[in-house]
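Raw protein_3.txt, compact mmCIF, C-alpha atoms and all ligand atoms:
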# COMPACT_ATOMS: atom_id res chain seq x y z
CA MET A 23 15.16 -10.77 -14.65
CA PRO A 24 17.77 -8.00 -14.96
CA ILE A 25 21.23 -9.46 -15.35
CA ASP A 26 23.08 -7.20 -12.92
CA HIS A 27 22.71 -7.57 -9.17
CA LYS A 28 19.85 -5.09 -9.14
CA LEU A 29 16.66 -6.68 -7.87
CA PRO A 30 13.37 -5.42 -9.29
CA ILE A 31 11.49 -3.83 -6.40
CA PHE A 32 7.73 -4.29 -6.49
CA ASP A 33 6.06 -2.25 -3.78
CA GLY A 34 2.75 -2.49 -1.93
CA HIS A 35 1.71 1.16 -1.81
CA ASN A 36 2.45 4.58 -3.25
CA ASP A 37 0.45 7.78 -3.49
CA VAL A 38 2.23 9.41 -6.43
CA LEU A 39 -0.97 9.71 -8.50
CA GLN A 40 -2.33 12.27 -6.05
CA SER A 41 0.36 14.73 -7.08
CA ILE A 42 -1.15 14.53 -10.57
CA TYR A 43 -4.92 14.46 -10.02
CA LEU A 44 -4.99 16.39 -6.71
CA PRO A 45 -2.27 18.96 -7.37
CA LYS A 46 -3.55 21.10 -4.49
CA THR A 47 -2.29 18.57 -1.94
CA GLY A 48 1.24 18.93 -3.26
CA LYS A 49 3.01 20.80 -5.99
CA ALA A 50 1.86 19.63 -9.40
CA ARG A 51 4.84 18.03 -11.10
CA SER A 52 5.59 15.91 -14.10
CA PHE A 53 5.95 12.23 -13.45
CA PHE A 54 8.47 12.00 -16.29
CA GLU A 55 10.94 14.62 -15.11
CA ARG A 56 13.26 14.25 -12.19
CA THR A 57 12.37 16.70 -9.42
CA ALA A 58 13.12 16.99 -5.72
CA GLU A 59 9.38 17.01 -4.92
CA GLY A 60 7.88 14.03 -3.15
CA HIS A 61 9.43 10.57 -3.30
CA ILE A 62 8.69 9.16 -6.76
CA ASP A 63 8.99 10.04 -10.42
CA LEU A 64 10.03 7.90 -13.36
CA PRO A 65 13.73 8.89 -13.42
CA ARG A 66 14.06 8.35 -9.66
CA MET A 67 12.20 5.01 -9.91
CA ARG A 68 14.71 3.81 -12.47
CA GLU A 69 17.62 4.96 -10.31
CA GLY A 70 16.23 3.21 -7.21
CA GLY A 71 15.42 -0.09 -8.94
CA PHE A 72 11.70 0.41 -8.41
CA ALA A 73 9.96 -1.97 -10.83
CA GLY A 74 6.37 -1.17 -9.94
CA GLY A 75 3.70 -1.66 -7.36
CA PHE A 76 0.27 -0.61 -6.18
CA PHE A 77 -0.64 2.89 -7.38
CA ALA A 78 -3.31 4.22 -5.05
CA VAL A 79 -6.34 6.26 -5.98
CA PHE A 80 -7.37 8.07 -2.81
CA VAL A 81 -10.30 10.39 -2.17
CA PRO A 82 -9.49 13.09 0.36
CA SER A 83 -12.09 14.35 2.77
CA ASN A 84 -14.02 17.37 1.60
CA SER A 85 -13.00 19.39 4.63
CA SER A 86 -9.44 20.53 5.25
CA THR A 87 -9.87 20.17 9.00
CA ASP A 88 -9.91 16.43 9.36
CA GLY A 89 -7.27 13.87 9.50
CA PHE A 90 -4.08 12.72 7.90
CA PRO A 91 -2.22 14.05 6.04
CA GLY A 92 -3.67 17.56 6.32
CA ALA A 93 -3.24 17.99 10.04
CA ARG A 94 -0.58 16.05 11.88
CA PRO A 95 0.61 15.94 15.44
CA ASP A 96 3.98 17.65 15.79
CA SER A 97 7.10 15.55 15.49
CA ALA A 98 7.84 15.62 19.21
CA ALA A 99 4.45 14.22 20.25
CA THR A 100 4.73 10.82 21.87
CA ALA A 101 0.96 10.30 22.01
CA TYR A 102 -1.76 11.55 19.70
CA GLU A 103 -5.25 10.77 18.53
CA MET A 104 -6.56 12.17 15.27
CA PRO A 105 -10.34 12.40 14.89
CA LEU A 106 -11.94 9.87 12.56
CA PRO A 107 -13.02 11.82 9.44
CA ALA A 108 -16.67 11.68 8.33
CA SER A 109 -17.78 9.30 5.61
CA LEU A 110 -17.85 10.59 2.01
CA ASP A 111 -20.64 11.25 -0.42
CA LEU A 112 -20.76 8.59 -3.16
CA THR A 113 -21.06 11.02 -6.08
CA TYR A 114 -18.12 13.09 -4.87
CA ALA A 115 -16.01 9.99 -4.22
CA ARG A 116 -16.76 8.59 -7.66
CA GLU A 117 -15.87 11.85 -9.40
CA ILE A 118 -12.46 12.04 -7.69
CA THR A 119 -11.84 8.32 -8.22
CA ILE A 120 -12.43 8.62 -11.96
CA LYS A 121 -9.96 11.53 -12.03
CA GLY A 122 -7.41 9.33 -10.25
CA MET A 123 -7.94 6.40 -12.62
CA ALA A 124 -7.66 8.69 -15.64
CA SER A 125 -4.36 10.06 -14.32
CA LEU A 126 -2.88 6.54 -14.26
CA PHE A 127 -4.18 5.63 -17.73
CA ARG A 128 -2.78 8.91 -19.11
CA LEU A 129 0.60 8.17 -17.52
CA GLU A 130 0.57 4.76 -19.18
CA ALA A 131 -0.25 6.27 -22.57
CA GLU A 132 2.29 9.09 -22.28
CA SER A 133 5.04 6.74 -21.06
CA GLU A 134 5.49 5.19 -24.54
CA GLY A 135 5.76 1.69 -23.15
CA GLN A 136 7.68 2.47 -19.99
CA ILE A 137 4.66 2.00 -17.69
CA LYS A 138 1.97 -0.66 -17.95
CA VAL A 139 -1.24 -1.01 -15.98
CA ILE A 140 -1.14 -4.67 -14.96
CA ARG A 141 -4.27 -6.85 -15.02
CA THR A 142 -2.90 -10.40 -14.71
CA ALA A 143 0.00 -12.16 -12.98
CA ASP A 144 1.49 -13.05 -16.38
CA GLU A 145 1.45 -9.38 -17.36
CA LEU A 146 3.19 -8.61 -14.08
CA THR A 147 6.04 -11.08 -14.57
CA ALA A 148 6.42 -10.03 -18.22
CA ALA A 149 6.72 -6.39 -17.17
CA LEU A 150 9.31 -7.25 -14.51
CA ASP A 151 11.32 -9.22 -17.09
CA ARG A 152 11.25 -6.37 -19.60
CA GLU A 153 11.87 -3.63 -17.04
CA VAL A 154 8.54 -1.99 -17.76
CA ILE A 155 7.13 -0.28 -14.65
CA ALA A 156 4.23 -2.50 -13.49
CA ALA A 157 1.36 -0.46 -12.07
CA VAL A 158 -1.50 -2.11 -10.20
CA LEU A 159 -4.58 0.09 -10.03
CA HIS A 160 -5.56 0.24 -6.34
CA PHE A 161 -8.36 2.10 -4.55
CA GLU A 162 -7.53 3.18 -1.01
CA GLY A 163 -11.08 2.83 0.36
CA ALA A 164 -14.34 1.64 -1.20
CA GLU A 165 -16.18 4.98 -1.15
CA ALA A 166 -16.63 5.17 -4.92
CA ILE A 167 -18.52 1.86 -4.98
CA ASP A 168 -22.31 1.71 -4.60
CA PRO A 169 -23.90 -0.92 -2.33
CA HIS A 170 -25.29 -2.76 -5.39
CA LEU A 171 -21.69 -3.17 -6.57
CA ASP A 172 -22.48 -2.01 -10.12
CA ALA A 173 -19.43 0.26 -10.04
CA LEU A 174 -17.23 -2.60 -8.86
CA GLU A 175 -18.00 -4.57 -12.03
CA VAL A 176 -17.23 -1.55 -14.20
CA PHE A 177 -14.08 -0.59 -12.30
CA TYR A 178 -12.86 -4.18 -12.58
CA GLN A 179 -13.34 -4.16 -16.34
CA THR A 180 -11.47 -0.87 -16.47
CA GLY A 181 -8.46 -2.29 -14.63
CA LEU A 182 -9.11 -2.24 -10.89
CA ARG A 183 -7.19 -5.15 -9.35
CA SER A 184 -6.81 -4.12 -5.69
CA LEU A 185 -9.33 -2.60 -3.31
CA GLY A 186 -8.78 -1.33 0.23
CA LEU A 187 -12.07 -2.00 2.00
CA ALA A 188 -11.64 1.13 4.11
CA TRP A 189 -9.31 4.07 4.59
CA SER A 190 -9.19 5.60 8.08
CA ARG A 191 -12.86 6.59 8.17
CA PRO A 192 -16.24 4.83 7.99
CA ASN A 193 -17.88 3.87 4.69
CA ALA A 194 -20.88 1.74 3.65
CA PHE A 195 -18.84 -1.47 3.79
CA ALA A 196 -16.34 -1.18 6.62
CA GLN A 197 -14.58 1.21 8.94
CA GLY A 198 -10.95 2.23 9.21
CA VAL A 199 -8.94 2.94 12.35
CA PRO A 200 -8.28 6.50 13.53
CA PHE A 201 -4.59 7.51 13.55
CA LYS A 202 -3.80 7.02 17.21
CA PHE A 203 -0.63 6.30 19.17
CA PRO A 204 -0.39 4.31 21.26
CA GLY A 205 -3.49 2.34 20.42
CA SER A 206 -4.96 -1.01 19.47
CA PRO A 207 -6.35 -1.58 15.94
CA ASP A 208 -9.54 -2.81 17.62
CA THR A 209 -11.25 0.57 17.35
CA GLY A 210 -14.72 -0.10 16.01
CA PRO A 211 -17.15 -2.18 14.00
CA GLY A 212 -16.30 -4.76 11.35
CA LEU A 213 -17.94 -5.35 7.97
CA SER A 214 -21.53 -4.36 7.24
CA ASP A 215 -23.78 -6.74 5.28
CA ALA A 216 -22.81 -4.77 2.17
CA GLY A 217 -19.16 -5.22 3.18
CA ARG A 218 -19.60 -9.01 3.27
CA GLN A 219 -21.12 -8.90 -0.21
CA LEU A 220 -18.21 -6.76 -1.39
CA VAL A 221 -15.66 -9.31 -0.12
CA LYS A 222 -17.49 -12.12 -1.95
CA ALA A 223 -17.68 -10.07 -5.14
CA CYS A 224 -13.94 -9.31 -4.99
CA ASN A 225 -13.24 -13.03 -4.60
CA ARG A 226 -15.48 -13.81 -7.56
CA LEU A 227 -13.94 -11.17 -9.82
CA GLY A 228 -10.35 -11.68 -8.68
CA ILE A 229 -9.76 -8.31 -7.03
CA LEU A 230 -7.19 -8.26 -4.24
CA ILE A 231 -8.72 -7.18 -0.93
CA ASP A 232 -6.38 -4.87 0.97
CA LEU A 233 -6.82 -4.86 4.75
CA ALA A 234 -4.60 -1.84 5.46
CA HIS A 235 -6.41 0.80 7.57
CA ILE A 236 -9.38 -1.45 8.47
CA THR A 237 -10.46 -2.08 12.08
CA GLU A 238 -9.29 -5.33 13.65
CA GLN A 239 -12.90 -6.58 13.63
CA GLY A 240 -13.11 -5.82 9.90
CA PHE A 241 -9.90 -7.82 9.41
CA TRP A 242 -11.36 -10.84 11.21
CA ASP A 243 -14.72 -10.58 9.43
CA THR A 244 -12.88 -10.62 6.09
CA ALA A 245 -10.65 -13.50 7.19
CA GLY A 246 -13.81 -15.50 7.95
CA ILE A 247 -15.29 -15.03 4.45
CA SER A 248 -12.51 -14.49 1.92
CA HIS A 249 -11.05 -17.40 -0.04
CA THR A 250 -7.88 -15.55 -1.03
CA PRO A 251 -4.65 -14.80 0.89
CA LEU A 252 -5.00 -12.04 3.50
CA VAL A 253 -3.10 -8.96 2.35
CA VAL A 254 -2.10 -5.78 4.14
CA THR A 255 -0.32 -3.60 1.59
CA HIS A 256 1.25 -1.04 3.96
CA ALA A 257 1.56 -1.55 7.72
CA GLY A 258 4.01 -2.65 10.40
CA ALA A 259 4.22 -4.85 13.48
CA HIS A 260 2.19 -3.62 16.45
CA ALA A 261 4.57 -5.39 18.85
CA LEU A 262 7.33 -2.98 17.71
CA CYS A 263 5.28 0.19 17.26
CA PRO A 264 1.86 0.22 18.93
CA SER A 265 0.03 2.36 16.35
CA THR A 266 -3.60 1.64 15.47
CA ARG A 267 -2.34 1.19 11.88
CA ASN A 268 -0.09 -1.75 12.74
CA LEU A 269 -0.82 -5.49 12.94
CA THR A 270 -1.06 -7.53 16.11
CA ASP A 271 0.75 -10.86 16.38
CA LYS A 272 -2.60 -12.64 16.03
CA GLN A 273 -3.29 -10.81 12.77
CA LEU A 274 0.21 -11.67 11.49
CA ASP A 275 -0.40 -15.34 12.31
CA ALA A 276 -3.67 -15.30 10.35
CA ILE A 277 -1.87 -13.75 7.37
CA LYS A 278 0.66 -16.59 7.45
CA GLU A 279 -2.11 -19.19 7.71
CA SER A 280 -3.80 -17.79 4.58
CA ASP A 281 -0.47 -17.64 2.66
CA GLY A 282 -0.86 -13.86 2.64
CA ILE A 283 1.53 -10.93 2.87
CA VAL A 284 2.38 -7.72 4.69
CA GLY A 285 4.02 -4.83 2.85
CA VAL A 286 6.09 -3.04 5.48
CA ASN A 287 5.25 0.67 5.58
CA PHE A 288 8.23 3.07 5.73
CA HIS A 289 6.29 5.85 7.50
CA VAL A 290 8.37 6.77 10.53
CA GLY A 291 5.30 7.00 12.78
CA PHE A 292 4.45 3.35 12.08
CA LEU A 293 8.06 2.19 12.55
CA ARG A 294 9.35 3.83 15.74
CA GLN A 295 8.68 2.32 19.15
CA ASP A 296 7.84 5.84 20.40
CA GLY A 297 5.52 6.56 17.44
CA ARG A 298 7.05 10.00 16.86
CA LEU A 299 6.74 11.58 13.40
CA GLU A 300 10.46 12.24 13.39
CA PRO A 301 12.20 12.03 10.00
CA ASP A 302 15.54 11.51 11.73
CA THR A 303 14.83 7.79 12.00
CA PRO A 304 17.40 5.21 10.93
CA LEU A 305 16.86 2.69 8.12
CA SER A 306 17.38 -0.03 10.71
CA GLU A 307 13.81 0.68 11.87
CA ILE A 308 12.50 -0.72 8.57
CA VAL A 309 14.83 -3.71 8.91
CA ARG A 310 13.52 -4.25 12.45
CA HIS A 311 9.91 -4.62 11.22
CA ILE A 312 10.86 -6.85 8.29
CA ASP A 313 12.92 -8.98 10.65
CA TYR A 314 10.16 -9.29 13.22
CA ILE A 315 7.55 -10.31 10.65
CA ALA A 316 9.92 -12.71 8.85
CA GLN A 317 10.87 -14.38 12.13
CA ARG A 318 7.31 -14.68 13.34
CA ILE A 319 5.51 -15.80 10.16
CA GLY A 320 8.24 -16.52 7.61
CA ILE A 321 10.16 -14.69 4.91
CA GLU A 322 7.46 -15.69 2.36
CA HIS A 323 4.99 -13.33 3.98
CA VAL A 324 6.84 -10.02 4.14
CA ALA A 325 7.55 -7.41 1.46
CA PHE A 326 7.75 -3.65 0.98
CA GLY A 327 4.76 -1.30 1.25
CA SER A 328 6.63 1.99 1.17
CA ASP A 329 3.80 4.58 1.24
CA PHE A 330 6.04 6.79 -0.95
CA ASP A 331 4.45 10.20 -1.57
CA GLY A 332 1.97 9.57 1.22
CA ALA A 333 4.04 9.53 4.41
CA ILE A 334 7.16 10.71 6.22
CA MET A 335 10.19 8.69 5.12
CA PRO A 336 13.32 8.13 7.21
CA LEU A 337 15.90 10.76 6.20
CA ASP A 338 18.47 8.05 5.40
CA LEU A 339 16.13 6.65 2.77
CA GLY A 340 14.98 10.02 1.48
CA ASP A 341 13.00 8.91 -1.53
CA VAL A 342 12.81 5.96 -3.91
CA THR A 343 16.47 6.45 -4.89
CA GLY A 344 17.35 5.30 -1.36
CA MET A 345 16.07 1.74 -1.97
CA PRO A 346 19.55 0.31 -2.73
CA LYS A 347 20.62 1.54 0.71
CA LEU A 348 17.74 -0.36 2.28
CA LEU A 349 18.66 -3.51 0.36
CA GLN A 350 22.24 -3.12 1.56
CA ALA A 351 21.03 -2.70 5.15
CA LEU A 352 19.11 -5.97 4.79
CA ARG A 353 22.20 -7.71 3.34
CA ASP A 354 24.30 -6.37 6.20
CA HIS A 355 21.69 -7.81 8.54
CA GLY A 356 22.16 -11.30 7.07
CA TYR A 357 19.54 -11.48 4.32
CA ASP A 358 20.93 -13.40 1.34
CA GLU A 359 19.94 -12.90 -2.30
CA ASP A 360 17.24 -15.62 -2.12
CA ALA A 361 15.60 -13.86 0.80
CA LEU A 362 15.91 -10.46 -0.88
CA ARG A 363 14.27 -11.75 -4.05
CA LYS A 364 11.30 -12.89 -1.98
CA ILE A 365 11.00 -9.55 -0.22
CA THR A 366 11.49 -7.40 -3.30
CA TYR A 367 9.06 -9.12 -5.69
CA GLU A 368 8.62 -12.90 -5.50
CA ASN A 369 6.21 -12.83 -2.56
CA TRP A 370 4.00 -10.23 -4.20
CA VAL A 371 3.98 -12.18 -7.47
CA ARG A 372 2.93 -15.37 -5.65
CA VAL A 373 0.09 -13.68 -3.76
CA LEU A 374 -1.18 -11.81 -6.81
CA ARG A 375 -1.13 -15.01 -8.89
CA LYS A 376 -3.22 -16.77 -6.24
CA THR A 377 -5.64 -13.84 -5.93
CA TRP A 378 -6.24 -12.68 -9.49
CA LYS A 379 -8.15 -14.74 -12.03
ZN ZN B 401 -2.63 4.42 3.62

Would it be possible to restate this file's structure as structure tokens?
Amino acid sequence: MPIDHKLPIFDGHNDVLQSIYLPKTGKARSFFERTAEGHIDLPRMREGGFAGGFFAVFVPSNSSTDGFPGARPDSAATAYEMPLPASLDLTYAREITIKGMASLFRLEAESEGQIKVIRTADELTAALDREVIAAVLHFEGAEAIDPHLDALEVFYQTGLRSLGLAWSRPNAFAQGVPFKFPGSPDTGPGLSDAGRQLVKACNRLGILIDLAHITEQGFWDTAGISHTPLVVTHAGAHALCPSTRNLTDKQLDAIKESDGIVGVNFHVGFLRQDGRLEPDTPLSEIVRHIDYIAQRIGIEHVAFGSDFDGAIMPLDLGDVTGMPKLLQALRDHGYDEDALRKITYENWVRVLRKTWK
């Protein structure tokens, strides 16, 4: 590990790839040059101690009218309910997904050894040791996968190591929650028969199953079938912020039981008790969620799941260069270096080692 006091930060979720393969959703920018756009680029990662994480491939809805992040309630709203977007066409979803995957593989090639797409736990620890950015290829939703799971086999061979069963919309396998505040995550049906087959196939191949965005019923259906730790890459505690996207105490307890993990999301709307999308939100709100989860289910089961480049960050954090401030806030709150190592990377490494083949 690095010899100075800097801890390598491995993170559960970022959306930086979208700025490359979906430039319309943001300003197209180079990943290799420092800019003020978004939250992540390579120079800012290095400055913030960001050692890697889950790089999401996301397929936006075809229409500009539905859902996050196109339309958002205004920052003063204390209650909102976004409509659940329609499901996607398989051919369209696959085309965009392949664009997203290609953008990550091109980054890896252009990085001249600074970024590596990680396929095993040993590759992950080696990258952390050598200060190579460790990128896990993640799909945020299973829309690009056919019900026969042919594409899953191919995507796995190509490098897919983490799959969100659903984003916040229905698909052939599962359904996600609408963005609603306040609201329970119990918003709709669980896994379909094809969804159950998908969970078993992920277990067989060694693909991490991400339960972020899924309905509570989908969470429990997966918990009943899956043999691997339950993982939610980017969410918070529902007891502290009653958003549909956050986890109830019962869900947290099941994650502990399975030796799983929660990556705490930094999106202000999933942190604040009042759910407002207000950037003027203190860093202590992130600490509050980490603290709650650590106290309820143990420090071994909590980590970061920033949602950089996909959400509204607290102003104090700003972007990935604010991570040392967050680590300092945790130290000030009583977290020692052992605890910080668990939160920053050790917990993720343990769970990935147990999950991947
Ligand atoms: Zn998300």

Which neighbours of region 194-201 of chain A fall inside 7 Å, counting all atoms listed in the file, when residues of the same chain fewer than 6 positions from it are skipped, and could you give them as number ranges by chain?
-> A: 103-106, 187-188, 207, 209, 211-214, 216-217, 235-237, 240, 266-267

In terms of the shortest atom-to-atom distance over only C-alpha atoms, which of A:Ile365, A:Ala351, A:Ala143, A:Ala333 is closest to Gly320 (chain A)?
->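 Residue with the minimum atom-to-atom distance to Gly320 (chain A): A:Ile365.
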
List every residue of chain A that has an atom at most 10 Å from any atom of ligand ZN 401 (chain B), and for each one report the closest atom pair and its distance in Å to one decimal, counting only C-alpha atoms and all ligand atoms, with rows sorted by chain and then by increasing residue number, as a tab-separated table.
residue	atom	partner	partner_atom	distance
A:His35	CA	B:ZN401	ZN	7.7
A:Asn36	CA	B:ZN401	ZN	8.5
A:Asp37	CA	B:ZN401	ZN	8.4
A:Ala78	CA	B:ZN401	ZN	8.7
A:Phe80	CA	B:ZN401	ZN	8.8
A:Phe90	CA	B:ZN401	ZN	9.5
A:Pro91	CA	B:ZN401	ZN	9.9
A:Glu162	CA	B:ZN401	ZN	6.9
A:Gly163	CA	B:ZN401	ZN	9.2
A:Gly186	CA	B:ZN401	ZN	9.1
A:Ala188	CA	B:ZN401	ZN	9.6
A:Trp189	CA	B:ZN401	ZN	6.8
A:Ser190	CA	B:ZN401	ZN	8.0
A:Ala234	CA	B:ZN401	ZN	6.8
A:His235	CA	B:ZN401	ZN	6.6
A:Thr255	CA	B:ZN401	ZN	8.6
A:His256	CA	B:ZN401	ZN	6.7
A:Ala257	CA	B:ZN401	ZN	8.4
A:Arg267	CA	B:ZN401	ZN	8.9
A:Asn287	CA	B:ZN401	ZN	8.9
A:His289	CA	B:ZN401	ZN	9.8
A:Gly327	CA	B:ZN401	ZN	9.6
A:Ser328	CA	B:ZN401	ZN	9.9
A:Asp329	CA	B:ZN401	ZN	6.9
A:Gly332	CA	B:ZN401	ZN	7.3
A:Ala333	CA	B:ZN401	ZN	8.4

Measuring atom to atom with all atoms listed in the file, identify which of A:Thr244, A:Ser41, A:Gln317, A:Thr142 is nearest to Asp215 (chain A).
->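 Ranked by minimum distance to Asp215 (chain A), first place goes to A:Thr244.
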
In file coordinates, which residues lie within 6 Å of (-6.6, -3.3, -0.8) using only C-alpha atoms, given as a list in words?
-> Ser184, Leu185, Gly186, Ile231, Asp232 and Leu233 of chain A

Using only C-alpha atoms, pick whichever of A:Pro204, A:Gly34, A:Gly135, A:Gly60 has the shortest atom-to-atom distance to Gly340 (chain A).
->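 Closest to Gly340 (chain A) of all the choices is A:Gly60.
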
N, CA, C and O atoms for region 306-326 of chain A, written as an mmCIF file, in the frame of the given file, could you do that?
data_model
loop_
_atom_site.group_PDB
_atom_site.id
_atom_site.type_symbol
_atom_site.label_atom_id
_atom_site.label_comp_id
_atom_site.auth_asym_id
_atom_site.auth_seq_id
_atom_site.Cartn_x
_atom_site.Cartn_y
_atom_site.Cartn_z
ATOM 1 N N SER A 306 17.460 1.223 9.937
ATOM 2 C CA SER A 306 17.380 -0.030 10.710
ATOM 3 C C SER A 306 15.985 -0.231 11.294
ATOM 4 O O SER A 306 15.606 -1.350 11.633
ATOM 5 N N GLU A 307 15.188 0.850 11.377
ATOM 6 C CA GLU A 307 13.810 0.680 11.870
ATOM 7 C C GLU A 307 12.970 -0.114 10.874
ATOM 8 O O GLU A 307 12.095 -0.881 11.273
ATOM 9 N N ILE A 308 13.217 0.083 9.576
ATOM 10 C CA ILE A 308 12.500 -0.720 8.570
ATOM 11 C C ILE A 308 12.953 -2.173 8.664
ATOM 12 O O ILE A 308 12.135 -3.100 8.639
ATOM 13 N N VAL A 309 14.267 -2.350 8.795
ATOM 14 C CA VAL A 309 14.830 -3.710 8.910
ATOM 15 C C VAL A 309 14.228 -4.416 10.123
ATOM 16 O O VAL A 309 13.886 -5.608 10.061
ATOM 17 N N ARG A 310 14.060 -3.670 11.210
ATOM 18 C CA ARG A 310 13.520 -4.250 12.450
ATOM 19 C C ARG A 310 12.113 -4.833 12.213
ATOM 20 O O ARG A 310 11.802 -5.927 12.683
ATOM 21 N N HIS A 311 11.267 -4.105 11.480
ATOM 22 C CA HIS A 311 9.910 -4.620 11.220
ATOM 23 C C HIS A 311 9.930 -5.816 10.273
ATOM 24 O O HIS A 311 9.205 -6.795 10.478
ATOM 25 N N ILE A 312 10.765 -5.728 9.222
ATOM 26 C CA ILE A 312 10.860 -6.850 8.290
ATOM 27 C C ILE A 312 11.341 -8.102 9.032
ATOM 28 O O ILE A 312 10.792 -9.195 8.882
ATOM 29 N N ASP A 313 12.342 -7.897 9.860
ATOM 30 C CA ASP A 313 12.920 -8.980 10.650
ATOM 31 C C ASP A 313 11.892 -9.625 11.579
ATOM 32 O O ASP A 313 11.778 -10.844 11.660
ATOM 33 N N TYR A 314 11.149 -8.785 12.247
ATOM 34 C CA TYR A 314 10.160 -9.290 13.220
ATOM 35 C C TYR A 314 9.115 -10.140 12.498
ATOM 36 O O TYR A 314 8.777 -11.254 12.922
ATOM 37 N N ILE A 315 8.608 -9.608 11.374
ATOM 38 C CA ILE A 315 7.550 -10.310 10.650
ATOM 39 C C ILE A 315 8.100 -11.598 10.028
ATOM 40 O O ILE A 315 7.478 -12.662 10.106
ATOM 41 N N ALA A 316 9.315 -11.514 9.458
ATOM 42 C CA ALA A 316 9.920 -12.710 8.850
ATOM 43 C C ALA A 316 10.153 -13.782 9.905
ATOM 44 O O ALA A 316 9.925 -14.971 9.654
ATOM 45 N N GLN A 317 10.603 -13.369 11.094
ATOM 46 C CA GLN A 317 10.870 -14.380 12.130
ATOM 47 C C GLN A 317 9.586 -14.959 12.682
ATOM 48 O O GLN A 317 9.530 -16.143 13.012
ATOM 49 N N ARG A 318 8.551 -14.153 12.767
ATOM 50 C CA ARG A 318 7.310 -14.680 13.340
ATOM 51 C C ARG A 318 6.531 -15.542 12.344
ATOM 52 O O ARG A 318 6.050 -16.611 12.704
ATOM 53 N N ILE A 319 6.398 -15.066 11.083
ATOM 54 C CA ILE A 319 5.510 -15.800 10.160
ATOM 55 C C ILE A 319 6.218 -16.290 8.893
ATOM 56 O O ILE A 319 5.585 -16.923 8.058
ATOM 57 N N GLY A 320 7.505 -15.986 8.753
ATOM 58 C CA GLY A 320 8.240 -16.520 7.610
ATOM 59 C C GLY A 320 8.529 -15.472 6.549
ATOM 60 O O GLY A 320 7.728 -14.573 6.300
ATOM 61 N N ILE A 321 9.673 -15.633 5.914
ATOM 62 C CA ILE A 321 10.160 -14.690 4.910
ATOM 63 C C ILE A 321 9.212 -14.623 3.703
ATOM 64 O O ILE A 321 9.179 -13.619 2.982
ATOM 65 N N GLU A 322 8.395 -15.663 3.498
ATOM 66 C CA GLU A 322 7.460 -15.690 2.360
ATOM 67 C C GLU A 322 6.310 -14.696 2.512
ATOM 68 O O GLU A 322 5.540 -14.486 1.590
ATOM 69 N N HIS A 323 6.188 -14.128 3.711
ATOM 70 C CA HIS A 323 4.990 -13.330 3.980
ATOM 71 C C HIS A 323 5.289 -11.866 4.258
ATOM 72 O O HIS A 323 4.446 -11.150 4.796
ATOM 73 N N VAL A 324 6.483 -11.425 3.907
ATOM 74 C CA VAL A 324 6.840 -10.020 4.140
ATOM 75 C C VAL A 324 7.409 -9.413 2.863
ATOM 76 O O VAL A 324 8.054 -10.092 2.059
ATOM 77 N N ALA A 325 7.118 -8.127 2.664
ATOM 78 C CA ALA A 325 7.550 -7.410 1.460
ATOM 79 C C ALA A 325 7.597 -5.926 1.804
ATOM 80 O O ALA A 325 7.504 -5.549 2.974
ATOM 81 N N PHE A 326 7.748 -5.100 0.767
ATOM 82 C CA PHE A 326 7.750 -3.650 0.980
ATOM 83 C C PHE A 326 6.364 -3.068 0.698
ATOM 84 O O PHE A 326 5.680 -3.501 -0.229
#
